[in-house]
>>> print(open('data21.tsv').read())   # TSV, C-alpha atoms
chain	number	residue	atom	x	y	z
X	1	ASP	CA	-2.97	-18.14	-42.41
X	2	GLN	CA	-0.55	-15.85	-40.63
X	3	GLN	CA	3.00	-16.94	-41.36
X	4	VAL	CA	4.64	-14.25	-39.21
X	5	LYS	CA	3.10	-13.67	-35.81
X	6	GLN	CA	3.65	-10.95	-33.26
X	7	ASN	CA	1.28	-12.05	-30.55
X	8	SER	CA	1.82	-9.20	-28.09
X	9	PRO	CA	0.33	-6.01	-29.50
X	10	SER	CA	2.04	-3.69	-27.05
X	11	LEU	CA	4.92	-3.40	-24.59
X	12	SER	CA	5.75	-0.71	-22.04
X	13	VAL	CA	9.19	-0.43	-20.45
X	14	GLN	CA	11.07	2.08	-18.35
X	15	GLU	CA	13.84	4.14	-19.89
X	16	GLY	CA	17.20	2.45	-19.42
X	17	ARG	CA	15.75	-1.05	-19.10
X	18	ILE	CA	15.72	-3.81	-21.71
X	19	SER	CA	12.92	-4.11	-24.27
X	20	ILE	CA	12.30	-7.60	-25.69
X	21	LEU	CA	10.02	-7.86	-28.71
X	22	ASN	CA	9.04	-11.33	-29.86
X	23	CYS	CA	8.15	-12.79	-33.23
X	24	ASP	CA	7.16	-16.31	-34.28
X	25	TYR	CA	6.93	-17.79	-37.75
X	26	THR	CA	5.33	-20.89	-39.19
X	27	ASN	CA	7.01	-21.27	-42.57
X	28	SER	CA	10.17	-23.33	-42.18
X	29	MET	CA	11.35	-22.11	-45.60
X	30	PHE	CA	11.95	-18.62	-44.22
X	31	ASP	CA	15.70	-18.12	-43.88
X	32	TYR	CA	16.06	-14.37	-43.50
X	33	PHE	CA	14.27	-11.99	-41.18
X	34	LEU	CA	14.03	-8.23	-40.84
X	35	TRP	CA	12.83	-5.81	-38.19
X	36	TYR	CA	11.31	-2.50	-39.19
X	37	LYS	CA	10.51	0.46	-36.97
X	38	LYS	CA	7.63	2.81	-37.70
X	39	TYR	CA	6.81	6.21	-36.24
X	40	PRO	CA	3.33	7.74	-36.69
X	41	ALA	CA	2.79	9.43	-40.06
X	42	GLU	CA	6.02	7.97	-41.43
X	43	GLY	CA	6.90	4.90	-43.45
X	44	PRO	CA	8.60	1.87	-41.90
X	45	THR	CA	12.38	2.09	-41.71
X	46	PHE	CA	14.71	-0.87	-41.69
X	47	LEU	CA	16.30	-1.56	-38.31
X	48	ILE	CA	18.19	-4.85	-38.31
X	49	SER	CA	18.14	-8.26	-40.01
X	50	ILE	CA	19.36	-11.79	-39.44
X	51	SER	CA	20.12	-14.70	-41.69
X	52	SER	CA	19.29	-18.26	-40.66
X	53	ILE	CA	22.98	-19.16	-40.76
X	54	LYS	CA	23.38	-17.03	-37.62
X	55	ASP	CA	21.64	-17.11	-34.27
X	56	LYS	CA	22.49	-13.55	-33.28
X	57	ASN	CA	23.09	-10.21	-34.97
X	58	GLU	CA	24.00	-7.06	-33.12
X	59	ASP	CA	23.96	-3.40	-34.15
X	60	GLY	CA	24.60	-0.95	-31.36
X	61	ARG	CA	21.75	-1.09	-28.85
X	62	PHE	CA	19.80	-3.52	-31.03
X	63	THR	CA	20.31	-7.30	-31.06
X	64	VAL	CA	18.19	-9.87	-32.85
X	65	PHE	CA	18.23	-13.51	-31.75
X	66	LEU	CA	17.01	-16.39	-33.90
X	67	ASN	CA	15.95	-19.80	-32.60
X	68	LYS	CA	15.27	-21.88	-35.71
X	69	SER	CA	14.12	-25.00	-33.90
X	70	ALA	CA	11.44	-22.96	-32.12
X	71	LYS	CA	10.73	-20.79	-35.18
X	72	HIS	CA	11.15	-17.78	-32.94
X	73	LEU	CA	13.08	-14.56	-33.07
X	74	SER	CA	13.37	-11.66	-30.68
X	75	LEU	CA	14.61	-8.09	-30.83
X	76	HIS	CA	16.41	-6.78	-27.75
X	77	ILE	CA	16.89	-3.06	-27.20
X	78	VAL	CA	19.36	-2.18	-24.47
X	79	PRO	CA	19.15	0.37	-22.97
X	80	SER	CA	15.71	1.51	-24.07
X	81	GLN	CA	15.26	5.21	-24.79
X	82	PRO	CA	12.09	7.32	-25.16
X	83	GLY	CA	12.93	7.81	-28.85
X	84	ASP	CA	12.54	4.05	-29.30
X	85	SER	CA	8.79	4.42	-28.78
X	86	ALA	CA	7.34	3.24	-32.07
X	87	VAL	CA	5.67	0.28	-33.76
X	88	TYR	CA	8.05	-2.59	-34.55
X	89	PHE	CA	7.32	-5.04	-37.36
X	90	CYS	CA	8.94	-8.40	-37.89
X	91	ALA	CA	9.08	-9.49	-41.55
X	92	ALA	CA	10.34	-12.35	-43.69
X	93	PRO	CA	10.93	-12.57	-47.44
X	94	GLY	CA	9.27	-15.33	-49.39
X	95	TRP	CA	12.57	-16.42	-50.86
X	96	THR	CA	16.19	-15.55	-50.45
X	97	GLY	CA	17.73	-13.00	-52.70
X	98	ALA	CA	16.72	-9.98	-54.66
X	99	ASN	CA	13.25	-8.72	-55.30
X	100	SER	CA	11.55	-10.86	-52.72
X	101	LYS	CA	8.22	-9.74	-51.32
X	102	LEU	CA	7.90	-9.46	-47.54
X	103	THR	CA	5.39	-11.02	-45.17
X	104	PHE	CA	4.87	-8.81	-42.12
X	105	GLY	CA	3.65	-9.48	-38.62
X	106	LYS	CA	0.95	-7.23	-37.17
X	107	GLY	CA	3.45	-5.15	-35.21
X	108	ILE	CA	4.20	-4.37	-31.56
X	109	THR	CA	3.74	-0.90	-30.13
X	110	LEU	CA	6.64	-0.13	-27.81
X	111	SER	CA	6.30	2.66	-25.27
X	112	VAL	CA	9.40	3.68	-23.33
X	113	ARG	CA	8.54	5.65	-20.19
X	114	PRO	CA	10.96	8.37	-19.08
K	1	ASN	CA	18.15	12.14	-50.95
K	2	ALA	CA	14.43	11.76	-51.59
K	3	GLY	CA	14.34	7.93	-51.56
K	4	VAL	CA	10.73	6.86	-52.13
K	5	THR	CA	8.23	9.67	-52.74
K	6	GLN	CA	4.47	9.15	-52.58
K	7	THR	CA	1.78	11.57	-53.70
K	8	PRO	CA	-0.65	12.64	-52.46
K	9	LYS	CA	-0.14	12.37	-48.69
K	10	PHE	CA	-3.85	12.57	-47.93
K	11	GLN	CA	-6.99	12.09	-50.00
K	12	VAL	CA	-10.71	11.82	-49.33
K	13	LEU	CA	-12.88	10.13	-51.96
K	14	LYS	CA	-16.53	9.32	-52.34
K	15	THR	CA	-17.60	5.75	-52.98
K	16	GLY	CA	-17.32	4.97	-56.68
K	17	GLN	CA	-14.74	7.62	-57.51
K	18	SER	CA	-11.44	6.66	-59.10
K	19	MET	CA	-7.98	7.61	-57.92
K	20	THR	CA	-4.35	6.99	-58.81
K	21	LEU	CA	-1.66	6.94	-56.13
K	22	GLN	CA	1.77	7.86	-57.40
K	23	CYS	CA	5.12	6.48	-56.27
K	24	ALA	CA	8.62	7.32	-57.47
K	25	GLN	CA	12.04	6.15	-56.29
K	26	ASP	CA	15.43	7.62	-57.04
K	27	MET	CA	17.61	4.73	-55.84
K	28	ASN	CA	17.70	2.87	-59.17
K	29	HIS	CA	15.95	-0.11	-57.58
K	30	ASN	CA	14.61	-2.90	-59.75
K	31	SER	CA	11.62	-3.89	-57.64
K	32	MET	CA	8.69	-1.85	-56.36
K	33	TYR	CA	5.78	-2.74	-54.09
K	34	TRP	CA	2.43	-1.45	-52.88
K	35	TYR	CA	1.21	-2.30	-49.38
K	36	ARG	CA	-1.77	-1.28	-47.31
K	37	GLN	CA	-1.83	-0.96	-43.55
K	38	ASP	CA	-5.03	-1.19	-41.56
K	39	PRO	CA	-5.46	-0.77	-37.78
K	40	GLY	CA	-4.22	-3.82	-35.89
K	41	MET	CA	-2.83	-5.33	-39.05
K	42	GLY	CA	0.63	-5.55	-40.47
K	43	LEU	CA	1.44	-4.39	-43.92
K	44	ARG	CA	-0.27	-6.46	-46.59
K	45	LEU	CA	1.06	-6.63	-50.12
K	46	ILE	CA	-1.32	-5.46	-52.83
K	47	TYR	CA	0.82	-5.68	-55.98
K	48	TYR	CA	4.49	-5.75	-56.77
K	49	SER	CA	6.76	-5.29	-59.75
K	50	ALA	CA	9.91	-7.39	-59.67
K	51	SER	CA	11.40	-5.48	-62.58
K	52	GLU	CA	10.43	-2.88	-65.13
K	53	GLY	CA	7.73	-4.26	-67.39
K	54	THR	CA	6.40	-6.88	-64.98
K	55	THR	CA	3.70	-6.76	-62.31
K	56	ASP	CA	2.22	-9.45	-60.09
K	57	LYS	CA	-0.59	-9.76	-57.57
K	58	GLY	CA	0.14	-9.83	-53.88
K	59	GLU	CA	-2.03	-10.89	-50.97
K	60	VAL	CA	-4.91	-8.39	-51.40
K	61	PRO	CA	-5.12	-7.29	-55.08
K	62	ASN	CA	-8.89	-7.11	-55.53
K	63	GLY	CA	-10.15	-3.64	-56.45
K	64	TYR	CA	-6.73	-2.37	-57.51
K	65	ASN	CA	-4.64	-2.07	-60.64
K	66	VAL	CA	-1.01	-1.06	-61.05
K	67	SER	CA	1.27	0.35	-63.72
K	68	ARG	CA	5.05	0.20	-63.74
K	69	LEU	CA	5.51	3.29	-65.87
K	70	ASN	CA	9.31	3.06	-65.96
K	71	LYS	CA	12.06	1.96	-63.60
K	72	ARG	CA	11.40	4.89	-61.25
K	73	GLU	CA	7.61	4.99	-61.09
K	74	PHE	CA	4.95	2.56	-59.92
K	75	SER	CA	1.34	3.74	-59.64
K	76	LEU	CA	-1.66	2.18	-57.90
K	77	ARG	CA	-5.16	2.80	-59.24
K	78	LEU	CA	-8.53	2.40	-57.57
K	79	GLU	CA	-11.09	2.26	-60.38
K	80	SER	CA	-14.20	2.42	-58.20
K	81	ALA	CA	-13.34	3.23	-54.61
K	82	ALA	CA	-15.12	1.38	-51.78
K	83	PRO	CA	-15.18	2.18	-48.03
K	84	SER	CA	-13.24	-1.07	-47.42
K	85	GLN	CA	-10.31	0.54	-49.22
K	86	THR	CA	-9.96	3.20	-46.56
K	87	SER	CA	-6.38	2.62	-45.43
K	88	VAL	CA	-2.83	3.92	-45.38
K	89	TYR	CA	-0.97	2.92	-48.53
K	90	PHE	CA	2.78	2.47	-48.61
K	91	CYS	CA	5.03	2.16	-51.61
K	92	ALA	CA	8.43	0.48	-51.28
K	93	SER	CA	11.40	-0.29	-53.49
K	94	SER	CA	14.42	-2.56	-53.36
K	95	SER	CA	17.09	-4.25	-55.39
K	96	ASN	CA	17.70	-6.66	-52.57
K	97	GLN	CA	16.66	-6.63	-48.94
K	98	PRO	CA	15.85	-4.39	-47.17
K	99	GLN	CA	12.96	-2.65	-48.83
K	100	HIS	CA	12.79	1.12	-48.52
K	101	PHE	CA	9.42	2.71	-47.85
K	102	GLY	CA	7.76	6.01	-48.61
K	103	ASP	CA	5.85	7.93	-45.96
K	104	GLY	CA	2.45	6.73	-47.12
K	105	THR	CA	-0.81	8.02	-48.54
K	106	ARG	CA	-3.70	8.20	-46.09
K	107	LEU	CA	-6.87	7.48	-48.08
K	108	SER	CA	-10.41	7.83	-46.74
K	109	ILE	CA	-13.41	6.69	-48.73
K	110	LEU	CA	-16.81	7.94	-47.63
>>> encode(input="data21.tsv", output="structure tokens")
Amino acid sequence: DQQVKQNSPSLSVQEGRISILNCDYTNSMFDYFLWYKKYPAEGPTFLISISSIKDKNEDGRFTVFLNKSAKHLSLHIVPSQPGDSAVYFCAAPGWTGANSKLTFGKGITLSVRP
Amino acid sequence: NAGVTQTPKFQVLKTGQSMTLQCAQDMNHNSMYWYRQDPGMGLRLIYYSASEGTTDKGEVPNGYNVSRLNKREFSLRLESAAPSQTSVYFCASSSNQPQHFGDGTRLSIL
């Protein structure tokens, strides 16, 4: 039973255009979400998060949108750069607060073409 | 700033051999985690330790044991390695979100 779903395994976009990475979840108890970025041969690194009390969080070129009624979130990267090429994981903690274990989606491989 | 350090980075084992993967963090985090990542899969939690002295099973604990040696160190042991345990193993730590990850141990079992 996959509680966090990233249904598109890959995405290819041109440099300078927008990248939109989607994530769906099934557990209505989830109230906090994170995006991680992973390069080959490295560990995942935290990118951006959003709490369910917000519907948008922005950090530079990265914006995450949350639609609670649809149980859907998306990560927008504008403008996309070749260095953004990586695997992106959506994740949610089992409960709010410290020391909460994460449930991850399967990841989306983003390729940004020069 | 080392963050989360995992050793070794690579290891090849034969079926039935035992192995301990080491993880240490220098961020004074309370919680530590072990995940595995397989092709086409996300990260799946094997075991975690919410605080020093406690450990709990995650999603895929079978075939593994863990030890929270102290606040800094959390090791993962394979007592009798099986080919199905061929994977990349990641250790993480946190005192709140987000979790911080090491660079992984790539383990192959023949």
>>> residues_around(input="data21.tsv", residues="Tyr35 in chain K", least_positions_apart="4", cutoff="9 Å", atoms="all atoms listed in the file", output="VMD selection string")
chain K and resid 43 to 48 58 60 88 to 92
>>> closest_residue(input="data21.tsv", among="K:Glu52, K:Lys14, K:Met41, K:Met27", to="Val4 in chain X", atoms="all atoms listed in the file")
K:Met41
>>> atom_distance(input="data21.tsv", atom1="CA of Ser74 in chain X", atom2="CA of Gln99 in chain K")
20.3 Å
>>> atom_distance(input="data21.tsv", atom1="CA of Asn27 in chain X", atom2="CA of Pro44 in chain X")
23.2 Å
>>> residues_around(input="data21.tsv", residues="Ser108 in chain K", least_positions_apart="2", cutoff="10 Å", atoms="all atoms listed in the file", output="PyMOL selection string")
chain K and resi 10-15+81-88+105-106+110
>>> closest_atom_pairs(input="data21.tsv", of="chain K", to="chain X", cutoff="7 Å", atoms="all atoms listed in the file", output="Markdown table")
| residue | atom | partner | partner_atom | distance |
| --- | --- | --- | --- | --- |
| K:Ser31 | CA | X:Asn99 | CA | 5.6 |
| K:Gly40 | CA | X:Lys106 | CA | 6.3 |
| K:Met41 | CA | X:Lys106 | CA | 4.6 |
| K:Gly42 | CA | X:Lys106 | CA | 3.7 |
| K:Leu43 | CA | X:Phe104 | CA | 5.9 |
| K:Ala50 | CA | X:Asn99 | CA | 5.7 |
| K:Ser94 | CA | X:Asn99 | CA | 6.6 |
| K:Ser95 | CA | X:Ala98 | CA | 5.8 |
| K:Asn96 | CA | X:Ala98 | CA | 4.0 |
| K:Gln97 | CA | X:Ala98 | CA | 6.6 |
| K:Pro98 | CA | X:Phe46 | CA | 6.6 |
| K:His100 | CA | X:Thr45 | CA | 6.9 |
| K:Phe101 | CA | X:Gly43 | CA | 5.5 |
| K:Gly102 | CA | X:Gly43 | CA | 5.3 |
| K:Asp103 | CA | X:Gly43 | CA | 4.1 |
| K:Gly104 | CA | X:Gly43 | CA | 6.1 |
>>> atom_distance(input="data21.tsv", atom1="CA of Cys23 in chain K", atom2="CA of Thr7 in chain K")
6.6 Å
>>> residues_around(input="data21.tsv", residues="Ser28 in chain X", least_positions_apart="4", cutoff="10 Å", atoms="all atoms listed in the file", output="short mmCIF file (atom, residue, chain, number, x, y, z; two decimals) with C-alpha atoms, in the coordinates of the input")
data_model
loop_
_atom_site.label_atom_id
_atom_site.label_comp_id
_atom_site.auth_asym_id
_atom_site.auth_seq_id
_atom_site.Cartn_x
_atom_site.Cartn_y
_atom_site.Cartn_z
CA GLN X 3 3.00 -16.94 -41.36
CA LYS X 68 15.27 -21.88 -35.71
CA SER X 69 14.12 -25.00 -33.90
CA LYS X 71 10.73 -20.79 -35.18
#
>>> closest_residue(input="data21.tsv", among="K:Met32, K:Gly53, K:Ser18, K:Thr5", to="Leu69 in chain K", atoms="all atoms listed in the file")
K:Gly53
>>> closest_residue(input="data21.tsv", among="X:Leu21, X:Val13, X:Lys37, X:Pro114", to="Val64 in chain X", atoms="all atoms listed in the file")
X:Leu21
>>> closest_residue(input="data21.tsv", among="X:Ile77, X:Ala86, X:Leu110, X:Cys23", to="Asp59 in chain X", atoms="only C-alpha atoms")
X:Ile77
